[in-house]
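target_21.cif (mmCIF, C-alpha atoms)
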```cif
data_data
loop_
_atom_site.label_atom_id
_atom_site.label_comp_id
_atom_site.auth_asym_id
_atom_site.auth_seq_id
_atom_site.Cartn_x
_atom_site.Cartn_y
_atom_site.Cartn_z
CA MET A 1 0.00 0.00 0.00
CA THR A 2 1.07 3.55 -0.75
CA LYS A 3 -0.15 6.64 1.01
CA VAL A 4 -1.51 9.31 -1.32
CA THR A 5 -2.49 12.86 -0.52
CA MET A 6 -4.55 15.00 -2.86
CA THR A 7 -6.64 18.11 -2.78
CA VAL A 8 -10.16 17.06 -3.70
CA ASN A 9 -12.75 19.79 -4.18
CA GLY A 10 -10.56 22.17 -2.21
CA LYS A 11 -9.98 19.87 0.77
CA SER A 12 -6.79 17.99 1.54
CA VAL A 13 -7.46 14.24 1.73
CA SER A 14 -5.25 11.22 2.06
CA GLY A 15 -5.60 7.47 2.02
CA ASP A 16 -3.77 4.20 1.50
CA VAL A 17 -4.04 2.75 -1.99
CA GLU A 18 -2.73 -0.29 -3.83
CA GLY A 19 -0.63 0.30 -6.93
CA ARG A 20 -3.59 -0.72 -9.09
CA THR A 21 -6.17 1.52 -7.40
CA LEU A 22 -7.74 3.74 -10.05
CA LEU A 23 -8.48 7.39 -9.32
CA ALA A 24 -12.19 6.60 -9.85
CA GLU A 25 -12.01 3.84 -7.23
CA PHE A 26 -10.15 6.06 -4.76
CA LEU A 27 -12.79 8.77 -5.15
CA ARG A 28 -15.77 6.44 -4.95
CA GLU A 29 -14.67 3.79 -2.48
CA GLY A 30 -11.98 5.62 -0.52
CA LEU A 31 -13.61 9.04 -0.25
CA ARG A 32 -17.24 8.00 -0.83
CA LEU A 33 -17.58 10.61 -3.56
CA THR A 34 -19.91 8.45 -5.64
CA GLY A 35 -20.97 11.21 -8.01
CA THR A 36 -18.12 10.16 -10.30
CA HIS A 37 -19.56 7.21 -12.21
CA ILE A 38 -17.83 4.21 -13.72
CA GLY A 39 -19.74 3.31 -16.87
CA CYS A 40 -17.52 1.26 -19.15
CA ASP A 41 -14.23 1.07 -17.23
CA THR A 42 -12.48 1.08 -20.64
CA SER A 43 -12.07 4.87 -21.03
CA GLN A 44 -14.68 5.12 -23.75
CA CYS A 45 -17.84 6.43 -22.06
CA GLY A 46 -16.63 9.45 -20.09
CA ALA A 47 -18.97 9.03 -17.09
CA CYS A 48 -15.86 9.14 -14.86
CA VAL A 49 -14.45 12.46 -16.13
CA VAL A 50 -12.98 14.65 -13.38
CA HIS A 51 -10.54 17.55 -13.46
CA VAL A 52 -6.95 16.94 -12.40
CA ASN A 53 -4.83 20.08 -12.07
CA GLY A 54 -7.46 21.85 -14.14
CA ASN A 55 -7.60 19.33 -17.01
CA ALA A 56 -10.43 16.89 -17.74
CA ILE A 57 -9.28 13.27 -17.56
CA LYS A 58 -10.94 9.87 -17.36
CA SER A 59 -10.54 8.81 -13.75
CA CYS A 60 -11.00 5.12 -14.61
CA THR A 61 -7.78 5.30 -16.63
CA ALA A 62 -5.43 6.95 -14.16
CA LEU A 63 -3.80 5.48 -11.09
CA ALA A 64 -4.44 7.14 -7.73
CA ALA A 65 -0.81 6.57 -6.75
CA ASP A 66 0.34 8.39 -9.90
CA LEU A 67 -1.70 11.46 -8.88
CA ASP A 68 -0.22 11.94 -5.43
CA GLY A 69 -0.25 15.68 -4.77
CA ALA A 70 -2.77 16.46 -7.51
CA ASP A 71 -5.58 18.99 -7.31
CA VAL A 72 -8.77 17.10 -8.19
CA ARG A 73 -12.23 18.44 -8.81
CA THR A 74 -15.26 16.15 -9.06
CA ILE A 75 -18.96 16.73 -9.69
CA GLU A 76 -19.40 17.15 -5.91
CA GLY A 77 -17.25 20.27 -6.17
CA MET A 78 -19.25 21.91 -8.96
CA ALA A 79 -22.18 23.47 -7.07
CA ASN A 80 -21.94 27.04 -5.79
CA ALA A 81 -20.72 27.65 -2.24
CA ASP A 82 -24.30 28.11 -0.99
CA GLY A 83 -25.29 24.71 -2.36
CA SER A 84 -27.23 26.03 -5.36
CA LEU A 85 -26.52 24.53 -8.77
CA SER A 86 -23.72 26.02 -10.87
CA VAL A 87 -24.61 27.73 -14.15
CA ILE A 88 -23.79 24.57 -16.13
CA GLN A 89 -25.74 22.26 -13.81
CA GLN A 90 -28.72 24.61 -13.84
CA ALA A 91 -28.63 24.74 -17.65
CA PHE A 92 -28.71 20.92 -17.80
CA GLN A 93 -31.82 20.99 -15.63
CA ASP A 94 -33.50 23.85 -17.52
CA HIS A 95 -32.90 22.30 -20.95
CA HIS A 96 -33.56 18.66 -20.01
CA GLY A 97 -29.92 17.75 -20.67
CA LEU A 98 -30.34 14.48 -18.79
CA GLN A 99 -32.74 11.59 -18.56
CA CYS A 100 -31.37 8.70 -16.52
CA GLY A 101 -28.52 10.91 -15.32
CA PHE A 102 -25.77 8.29 -15.37
CA CYS A 103 -23.54 10.14 -17.86
CA THR A 104 -24.34 13.57 -16.41
CA PRO A 105 -21.41 13.95 -13.97
CA GLY A 106 -18.97 13.33 -16.81
CA MET A 107 -20.93 15.55 -19.19
CA VAL A 108 -20.91 18.44 -16.70
CA MET A 109 -17.18 18.05 -16.02
CA SER A 110 -16.40 17.93 -19.75
CA ALA A 111 -18.68 20.91 -20.37
CA ALA A 112 -16.86 22.90 -17.68
CA ALA A 113 -13.49 22.01 -19.22
CA LEU A 114 -14.73 23.08 -22.66
CA LEU A 115 -16.11 26.42 -21.49
CA LYS A 116 -12.85 27.20 -19.69
CA GLU A 117 -10.95 26.70 -22.97
CA ASN A 118 -13.58 28.10 -25.29
CA PRO A 119 -16.15 30.34 -23.54
CA LYS A 120 -18.49 30.66 -26.57
CA PRO A 121 -18.31 27.36 -28.45
CA SER A 122 -20.35 26.69 -31.57
CA GLU A 123 -22.74 23.75 -31.68
CA ALA A 124 -20.22 21.82 -33.81
CA GLU A 125 -17.40 22.56 -31.36
CA ILE A 126 -19.50 21.26 -28.46
CA ARG A 127 -20.36 18.06 -30.31
CA THR A 128 -16.71 17.49 -31.21
CA TYR A 129 -15.53 18.16 -27.67
CA LEU A 130 -18.04 15.67 -26.26
CA GLU A 131 -16.86 12.80 -28.47
CA GLY A 132 -15.45 11.03 -25.42
CA ASN A 133 -18.69 11.28 -23.43
CA ILE A 134 -21.42 8.83 -24.32
CA CYS A 135 -25.11 9.29 -23.48
CA ARG A 136 -27.59 6.53 -24.28
CA CYS A 137 -30.75 8.48 -23.40
CA THR A 138 -30.88 12.00 -24.73
CA GLY A 139 -29.55 11.77 -28.25
CA TYR A 140 -27.20 14.58 -27.12
CA HIS A 141 -29.36 17.36 -28.48
CA ASN A 142 -30.43 18.82 -25.15
CA ILE A 143 -26.96 18.36 -23.70
CA VAL A 144 -25.53 20.50 -26.50
CA LYS A 145 -28.32 23.01 -25.98
CA ALA A 146 -27.66 23.16 -22.24
CA ILE A 147 -23.96 23.84 -22.78
CA MET A 148 -24.72 26.57 -25.32
CA ALA A 149 -27.15 28.14 -22.85
CA ALA A 150 -24.61 27.87 -20.02
CA SER A 151 -22.15 29.80 -22.19
CA GLY A 152 -24.66 32.62 -22.40
CA GLN A 153 -25.59 32.04 -26.04
CA ASP A 154 -29.06 32.22 -27.50
CA VAL A 155 -30.48 28.74 -27.94
CA SER A 156 -33.88 29.66 -29.34
CA ALA A 157 -32.71 28.80 -32.87
CA ILE A 158 -31.87 25.23 -31.86
CA ALA A 159 -34.62 22.73 -32.62
CA ALA A 160 -37.38 22.09 -30.08
CA GLU A 161 -36.76 20.02 -26.97
CA MET B 1 -6.13 -5.84 -13.04
CA TYR B 2 -3.48 -7.73 -11.10
CA ASN B 3 -1.69 -5.72 -8.48
CA PHE B 4 1.87 -4.49 -8.94
CA GLU B 5 4.45 -2.46 -7.14
CA PHE B 6 4.19 1.20 -8.15
CA ALA B 7 7.17 3.52 -8.45
CA LYS B 8 7.25 7.13 -9.54
CA ALA B 9 10.56 8.25 -10.99
CA LYS B 10 11.78 11.81 -10.48
CA THR B 11 14.69 11.63 -12.92
CA ILE B 12 15.54 9.63 -16.04
CA GLY B 13 18.29 7.89 -14.06
CA ASP B 14 15.80 6.81 -11.36
CA ALA B 15 13.45 5.45 -14.00
CA VAL B 16 16.17 3.46 -15.74
CA LYS B 17 17.23 1.97 -12.41
CA ALA B 18 13.65 1.08 -11.45
CA LEU B 19 13.11 -0.55 -14.86
CA ALA B 20 16.12 -2.83 -14.51
CA SER B 21 14.14 -5.93 -13.48
CA ASP B 22 12.68 -8.10 -16.23
CA ASP B 23 9.04 -7.72 -15.16
CA ALA B 24 9.15 -3.95 -14.80
CA GLN B 25 7.20 -1.82 -17.24
CA ALA B 26 7.27 1.92 -17.89
CA LEU B 27 3.98 3.85 -17.57
CA GLY B 28 3.35 6.90 -19.72
CA GLY B 29 -0.13 8.38 -19.69
CA GLY B 30 -1.57 4.87 -19.38
CA GLN B 31 -4.32 5.41 -21.93
CA THR B 32 -3.47 2.11 -23.60
CA LEU B 33 -1.49 0.30 -20.91
CA LEU B 34 -4.09 0.57 -18.13
CA PRO B 35 -6.96 -0.83 -20.26
CA THR B 36 -4.56 -3.57 -21.41
CA MET B 37 -3.75 -4.42 -17.79
CA LYS B 38 -7.45 -4.46 -16.90
CA GLN B 39 -7.91 -7.10 -19.60
CA ARG B 40 -4.93 -8.96 -18.11
CA LEU B 41 -3.13 -8.82 -21.43
CA ALA B 42 -0.26 -7.22 -19.53
CA ALA B 43 0.66 -7.95 -15.92
CA PRO B 44 3.92 -6.25 -14.91
CA THR B 45 5.14 -6.78 -11.36
CA VAL B 46 6.60 -3.28 -11.20
CA LEU B 47 5.11 -0.24 -12.91
CA VAL B 48 7.35 2.82 -13.18
CA SER B 49 5.55 6.10 -13.85
CA LEU B 50 7.41 8.53 -16.12
CA ASN B 51 4.89 11.33 -15.52
CA ALA B 52 6.84 13.34 -12.97
CA ILE B 53 10.24 13.66 -14.66
CA PRO B 54 10.58 17.39 -15.43
CA GLU B 55 13.31 16.90 -18.06
CA MET B 56 10.89 14.72 -20.09
CA ILE B 57 8.04 17.24 -20.23
CA GLY B 58 7.71 20.17 -22.59
CA VAL B 59 8.47 21.49 -26.06
CA CYS B 60 11.45 23.46 -27.35
CA VAL B 61 13.18 24.32 -30.61
CA ASN B 62 16.88 23.46 -30.77
CA ASP B 63 19.72 25.23 -32.61
CA ALA B 64 19.18 23.02 -35.67
CA GLY B 65 15.58 24.27 -35.85
CA GLU B 66 14.13 20.92 -34.82
CA VAL B 67 11.02 20.81 -32.63
CA CYS B 68 11.98 18.76 -29.57
CA ILE B 69 9.17 17.21 -27.54
CA GLY B 70 9.78 15.54 -24.19
CA GLY B 71 8.67 11.91 -24.05
CA ALA B 72 6.19 12.52 -21.21
CA THR B 73 4.51 15.49 -22.93
CA THR B 74 0.74 15.01 -23.32
CA HIS B 75 -1.07 15.21 -26.65
CA ALA B 76 -2.95 18.29 -25.40
CA ALA B 77 0.33 20.05 -24.57
CA VAL B 78 1.75 19.19 -28.01
CA ALA B 79 -1.41 20.51 -29.67
CA ARG B 80 -1.01 23.81 -27.78
CA GLU B 81 2.72 24.32 -27.65
CA VAL B 82 3.80 23.02 -31.07
CA ALA B 83 1.16 24.96 -33.05
CA ALA B 84 3.44 27.95 -33.71
CA HIS B 85 6.44 25.80 -34.76
CA TYR B 86 5.01 22.84 -36.66
CA PRO B 87 1.25 23.26 -37.27
CA ALA B 88 0.67 19.90 -39.01
CA LEU B 89 2.09 18.02 -36.04
CA ALA B 90 0.04 20.09 -33.58
CA ALA B 91 -3.10 19.42 -35.63
CA LEU B 92 -2.43 15.68 -35.55
CA ALA B 93 -2.01 15.77 -31.76
CA SER B 94 -5.24 17.74 -31.37
CA HIS B 95 -7.27 14.92 -32.98
CA ILE B 96 -5.96 11.90 -31.08
CA GLY B 97 -8.68 10.15 -29.06
CA ASP B 98 -10.88 12.64 -27.18
CA PRO B 99 -10.05 15.68 -25.02
CA ALA B 100 -9.77 13.71 -21.75
CA VAL B 101 -7.48 11.14 -23.36
CA ARG B 102 -5.32 13.93 -24.83
CA ASN B 103 -4.84 15.42 -21.36
CA ARG B 104 -3.27 12.19 -20.16
CA GLY B 105 -1.75 10.27 -23.10
CA THR B 106 1.87 11.04 -23.99
CA ILE B 107 3.93 11.03 -27.19
CA GLY B 108 6.51 8.67 -25.69
CA GLY B 109 3.84 6.24 -24.56
CA SER B 110 2.21 6.20 -27.98
CA LEU B 111 5.51 5.59 -29.77
CA ALA B 112 6.68 2.90 -27.33
CA ASN B 113 3.39 1.08 -27.86
CA ASN B 114 3.42 1.48 -31.69
CA ASP B 115 -0.21 0.59 -32.19
CA PRO B 116 -0.69 -0.11 -35.92
CA SER B 117 -3.56 2.42 -35.98
CA ALA B 118 -2.01 5.17 -33.83
CA CYS B 119 -1.47 8.67 -35.25
CA TYR B 120 1.96 9.65 -33.88
CA PRO B 121 3.93 6.93 -35.69
CA ALA B 122 2.82 8.49 -39.00
CA ALA B 123 4.11 11.92 -37.95
CA VAL B 124 7.41 10.54 -36.67
CA LEU B 125 8.08 8.41 -39.76
CA GLY B 126 6.65 11.05 -42.12
CA SER B 127 8.92 13.72 -40.65
CA GLY B 128 12.01 11.52 -40.45
CA ALA B 129 12.14 12.41 -36.76
CA THR B 130 14.70 11.15 -34.27
CA VAL B 131 13.58 9.13 -31.25
CA LYS B 132 15.95 9.95 -28.41
CA THR B 133 16.17 7.47 -25.55
CA ASN B 134 18.13 7.32 -22.33
CA ALA B 135 20.76 5.32 -24.25
CA ARG B 136 20.88 6.53 -27.89
CA ASP B 137 19.29 8.34 -30.82
CA ILE B 138 17.16 6.18 -33.14
CA ALA B 139 16.20 7.38 -36.63
CA ALA B 140 12.48 6.98 -37.39
CA ASP B 141 13.34 4.68 -40.31
CA ASP B 142 15.02 2.27 -37.87
CA TYR B 143 12.54 2.61 -35.02
CA PHE B 144 9.26 1.00 -36.15
CA LEU B 145 9.71 -2.75 -36.52
CA GLY B 146 6.13 -3.98 -36.97
CA MET B 147 2.83 -4.13 -35.11
CA PHE B 148 3.44 -3.21 -31.42
CA THR B 149 7.17 -3.74 -32.05
CA THR B 150 9.92 -1.11 -31.90
CA ALA B 151 13.69 -0.87 -31.69
CA LEU B 152 13.46 -0.13 -27.95
CA GLU B 153 15.28 -2.55 -25.68
CA GLN B 154 13.80 -3.77 -22.39
CA GLY B 155 13.91 -0.88 -19.93
CA GLU B 156 14.81 1.73 -22.57
CA ILE B 157 12.85 4.99 -22.27
CA ILE B 158 11.91 7.56 -24.92
CA THR B 159 13.11 10.81 -23.39
CA GLU B 160 12.54 13.11 -26.37
CA VAL B 161 11.43 13.15 -30.00
CA ARG B 162 13.07 15.59 -32.43
CA PHE B 163 11.18 16.68 -35.52
CA PRO B 164 12.84 18.51 -38.42
CA VAL B 165 10.27 21.07 -39.63
CA PRO B 166 9.18 20.64 -43.27
CA HIS B 167 8.22 23.37 -45.80
CA LYS B 168 4.72 21.94 -45.96
CA ALA B 169 2.97 19.06 -44.23
CA ASN B 170 -0.46 17.66 -43.49
CA TYR B 171 -2.04 14.66 -41.80
CA GLN B 172 -5.34 13.22 -42.97
CA LYS B 173 -7.11 10.68 -40.81
CA PHE B 174 -10.08 8.58 -41.84
CA VAL B 175 -11.51 8.02 -38.39
CA GLN B 176 -12.84 4.68 -37.23
CA PRO B 177 -15.79 6.26 -35.43
CA ALA B 178 -16.04 3.94 -32.42
CA SER B 179 -12.41 4.02 -31.33
CA ARG B 180 -11.26 7.28 -32.98
CA PHE B 181 -8.12 5.52 -34.07
CA ALA B 182 -7.15 5.92 -37.71
CA LEU B 183 -8.83 3.42 -40.03
CA VAL B 184 -6.25 4.91 -42.36
CA GLY B 185 -4.09 7.95 -41.67
CA VAL B 186 -1.56 9.51 -44.03
CA TYR B 187 1.14 12.02 -43.11
CA VAL B 188 2.75 13.94 -45.99
CA ALA B 189 5.74 16.23 -45.43
CA GLN B 190 7.77 18.16 -48.01
CA TYR B 191 11.43 18.74 -47.16
CA ALA B 192 14.27 20.26 -49.22
CA GLY B 193 15.57 16.72 -49.78
CA GLY B 194 12.24 15.30 -50.97
CA VAL B 195 8.76 14.34 -49.85
CA ARG B 196 8.00 11.74 -47.19
CA VAL B 197 4.67 9.88 -47.04
CA ALA B 198 3.90 7.72 -43.99
CA VAL B 199 0.78 5.61 -43.65
CA THR B 200 -0.77 4.34 -40.41
CA GLY B 201 -3.84 2.18 -39.71
CA ALA B 202 -3.61 0.33 -43.02
CA ALA B 203 -0.86 -2.27 -42.99
CA SER B 204 -0.66 -5.34 -40.78
CA ASP B 205 2.99 -4.48 -40.05
CA GLY B 206 2.04 -1.03 -38.79
CA VAL B 207 3.22 2.33 -40.08
CA PHE B 208 5.07 2.34 -43.42
CA ARG B 209 6.43 4.74 -46.05
CA TRP B 210 4.77 4.72 -49.45
CA ALA B 211 7.88 4.96 -51.63
CA GLU B 212 6.14 5.36 -55.03
CA ALA B 213 4.09 8.28 -53.76
CA GLU B 214 7.20 9.90 -52.26
CA ALA B 215 8.99 9.68 -55.63
CA ALA B 216 6.01 11.07 -57.55
CA LEU B 217 5.43 13.92 -55.09
CA SER B 218 9.12 14.82 -54.92
CA GLY B 219 8.89 15.50 -58.68
CA ASP B 220 5.53 17.29 -58.57
CA PHE B 221 3.91 18.14 -55.23
CA ALA B 222 0.31 17.93 -56.45
CA ALA B 223 -2.50 15.46 -55.76
CA GLY B 224 -2.68 14.71 -59.50
CA ALA B 225 0.86 13.30 -59.40
CA LEU B 226 -0.61 10.27 -57.62
CA ASP B 227 -3.28 9.49 -60.25
CA ALA B 228 -1.38 6.64 -61.89
CA LEU B 229 -0.36 4.98 -58.61
CA ALA B 230 -2.17 2.26 -56.68
CA VAL B 231 -1.42 0.60 -53.36
CA PRO B 232 -1.68 -3.20 -53.47
CA GLY B 233 -4.03 -4.72 -50.88
CA ASN B 234 -1.81 -7.72 -50.03
CA ASP B 235 -0.31 -6.48 -46.78
CA MET B 236 -3.28 -4.47 -45.55
CA ILE B 237 -5.39 -5.14 -42.46
CA THR B 238 -8.79 -6.75 -42.91
CA ASP B 239 -11.25 -6.46 -40.02
CA LEU B 240 -14.91 -5.73 -39.44
CA HIS B 241 -14.29 -2.02 -40.04
CA GLY B 242 -12.83 -2.41 -43.52
CA SER B 243 -11.32 -4.90 -45.95
CA ALA B 244 -7.71 -4.85 -47.13
CA ASP B 245 -8.75 -3.51 -50.56
CA TYR B 246 -10.83 -0.78 -48.96
CA ARG B 247 -7.89 0.30 -46.81
CA ALA B 248 -5.56 0.22 -49.82
CA HIS B 249 -7.99 2.48 -51.68
CA LEU B 250 -8.21 4.83 -48.71
CA VAL B 251 -4.41 5.17 -48.58
CA LYS B 252 -4.42 6.85 -51.98
CA VAL B 253 -7.48 8.97 -51.23
CA MET B 254 -6.07 10.22 -47.92
CA THR B 255 -2.64 10.87 -49.45
CA LYS B 256 -4.21 13.05 -52.12
CA ARG B 257 -6.23 14.93 -49.51
CA ALA B 258 -3.10 15.48 -47.43
CA VAL B 259 -1.19 16.85 -50.42
CA ALA B 260 -4.08 19.16 -51.32
CA ALA B 261 -4.34 20.43 -47.73
CA ALA B 262 -0.59 20.72 -47.01
CA HIS B 263 0.64 24.21 -46.17
#
```
Starting from the file, give its structure as structure tokens.
Amino acid sequence: MTKVTMTVNGKSVSGDVEGRTLLAEFLREGLRLTGTHIGCDTSQCGACVVHVNGNAIKSCTALAADLDGADVRTIEGMANADGSLSVIQQAFQDHHGLQCGFCTPGMVMSAAALLKENPKPSEAEIRTYLEGNICRCTGYHNIVKAIMAASGQDVSAIAAE
Amino acid sequence: MYNFEFAKAKTIGDAVKALASDDAQALGGGQTLLPTMKQRLAAPTVLVSLNAIPEMIGVCVNDAGEVCIGGATTHAAVAREVAAHYPALAALASHIGDPAVRNRGTIGGSLANNDPSACYPAAVLGSGATVKTNARDIAADDYFLGMFTTALEQGEIITEVRFPVPHKANYQKFVQPASRFALVGVYVAQYAGGVRVAVTGAASDGVFRWAEAEAALSGDFAAGALDALAVPGNDMITDLHGSADYRAHLVKVMTKRAVAAAH
């Protein structure tokens, strides 16, 4: 076992991990932060996306021990300080950007990473950026719409919900 | 995945030392190795992370004008930091996998793995780059030895890759939509000494140079110069995504597109 220490959602945390412990497992089983989902466990679906040192990564394909000292942000760290939903989360709710909700944590984390890089993305840019996040319910349309709305763009021209 | 002993090297020397045992394996970004270990297709007893070695991270331009990329530099960093120096290479890096994969996967990891459908091998072979390891410099033409096979010895680490910058270059990838690997990818680069054409995704031996196209394009750098050429299907991959003949056809199509788009 190796001891790892990270900053997760602004708080310093530490725990003992095996070499093979994935970041997703450390978050879910070690820290009980179960908002990060493991969908495919093969780095295809994106339900496990979190931010590490400001960059979106797939937490099922990174070792906890390799990220000792990292600054991690998960879906639990996305709401505003008063507990209200962040702009992106609220937009997902307002525009029905989720149905079963399983992919949503990863979608929100990817959306936040996109808007940091590109504050006013086009519809095509959003769709391209989300190619590593799979949703089996929505058909993506309302997810794209929610992200456009969260970026402050007019979404009235986008087809009906 | 089976458990292993984890080590994180701080210097190239540390990493080489930690990799001395037979069952030790270097870990780059892990975007291929970790899924492979989950499937138990690889089961090293010691895994040595190369992700915290400062001298292996980053991009610079050396006195010879070559773009030098540290072996542990992520695809996302290459896409950002190489754009001003070698745009075709930066563009290739910006289309590998998806954004989350690009934030983790590294150029050294991709080249050490030498997946027959990976993008970077086409850029390295197409640019006649030099793969620098802890022990020696390996010319691209001597580096790729077949599917998942390279000139690297056990425990040898890619510390840097040096790319001479061409007059014009372009990479065209026909994406296999489920995996986002190249069904066929072609890298074309025009240098003072001639044109290089490297093809990935197509051949069962992995990346290769298309010599006839190089000769034709060195005489006339125009898509039309390839009209009379054809790639034989014999050595191409056949799988559920495309037959050997289909891939052979795509090689020519993608080469022409790369020539037309090169700048």
Using only C-alpha atoms, find the one residue out of B:Thr74, B:Thr11, B:Gln39, B:Thr133 that sits nearest to Ala52 (chain B). B:Thr11
Which residues of chain A are close to chain B, meaning at most 7 Å apart when you count only C-alpha atoms, and how do they look as a list of chain:residue names? A:Gly19, A:Arg20, A:Thr42, A:Asn55, A:Ala56, A:Ile57, A:Lys58, A:Thr61, A:Ala62, A:Asp66, A:Tyr129, A:Glu131, A:Gly132
Evaluate the PyMOL selection byres ((chain B and resi 199) around 10) and record the selected residues as a PyMOL selection string, following the chain and residue labels used in the document. chain B and resi 116-117+119+121-123+125-126+171-173+182+184-188+197-198+200-203+206-210+251-252+254-255
Protein/DNA/RNA residues near (-15.3, 4.0, -5.6), cut 12 Å, all atoms listed in the file, as a PyMOL selection string: chain A and resi 17+21-38+48+59-60+64
Point-to-point distance from CA of Phe144 (chain B) to CA of Asn114 (chain B), Å rounded to tenths: 7.4 Å
Given the file shown, determine the residues that the PyMOL selection byres ((chain B and resi 85-93) around 8) selects; report them as number ranges by chain. B: 67, 75-76, 78-84, 94-96, 102, 119-120, 123, 165, 169-171
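The coordinates place CA of Ala215 (chain B) at 17.2 Å from CA of Arg257 (chain B).
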What do you get, as a PyMOL selection string, if you spell out every residue that the PyMOL selection byres ((chain A and resi 78) around 10) selects here? chain A and resi 9+73-77+79-81+83-89+105+108-109+112
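Distance-wise, CA of Thr45 (chain B) and CA of Thr106 (chain B) end up 22.1 Å apart.
Residues in contact with Tyr140 (chain A) at up to 10 Å, not including ones fewer than 6 positions away on its chain and judged by all atoms listed in the file, are Gly97, Leu98, Arg127, Leu130, Asn133, Ile134 and Ala146 of chain A.
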From B:Gln154, B:Gln25, B:Ser218, B:Ser127, residue lying nearest Val195 (chain B) [all atoms listed in the file]: B:Ser218
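By chain and then residue number, the residues within 12 Å of region 153-159 of chain A are Ala91, Asp94, His95, Leu115, Pro119, Lys120, Pro121, Ser122, Glu123, His141, Asn142, Ile143, Val144, Lys145, Ala146 and Ile147 of chain A, counting all atoms listed in the file and disregarding those fewer than 6 positions away in sequence.
Between Ala24 (chain B) and the candidates B:Gly70, B:Gly155, B:Gly193, B:Gly219, the tightest atom-to-atom separation, counting only C-alpha atoms, involves B:Gly155.
Of the listed residues (A:Gly10, A:Ala111, A:Thr138, A:Ser43), A:Ala111 comes nearest to Ile126 (chain A); the distances count all atoms listed in the file.
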Spatial neighbours of Arg136 (chain B), 12 Å, only C-alpha atoms, chain gap at least 5 places, as a VMD selection string: chain B and resid 130 to 131 143 151 to 153 156 to 161
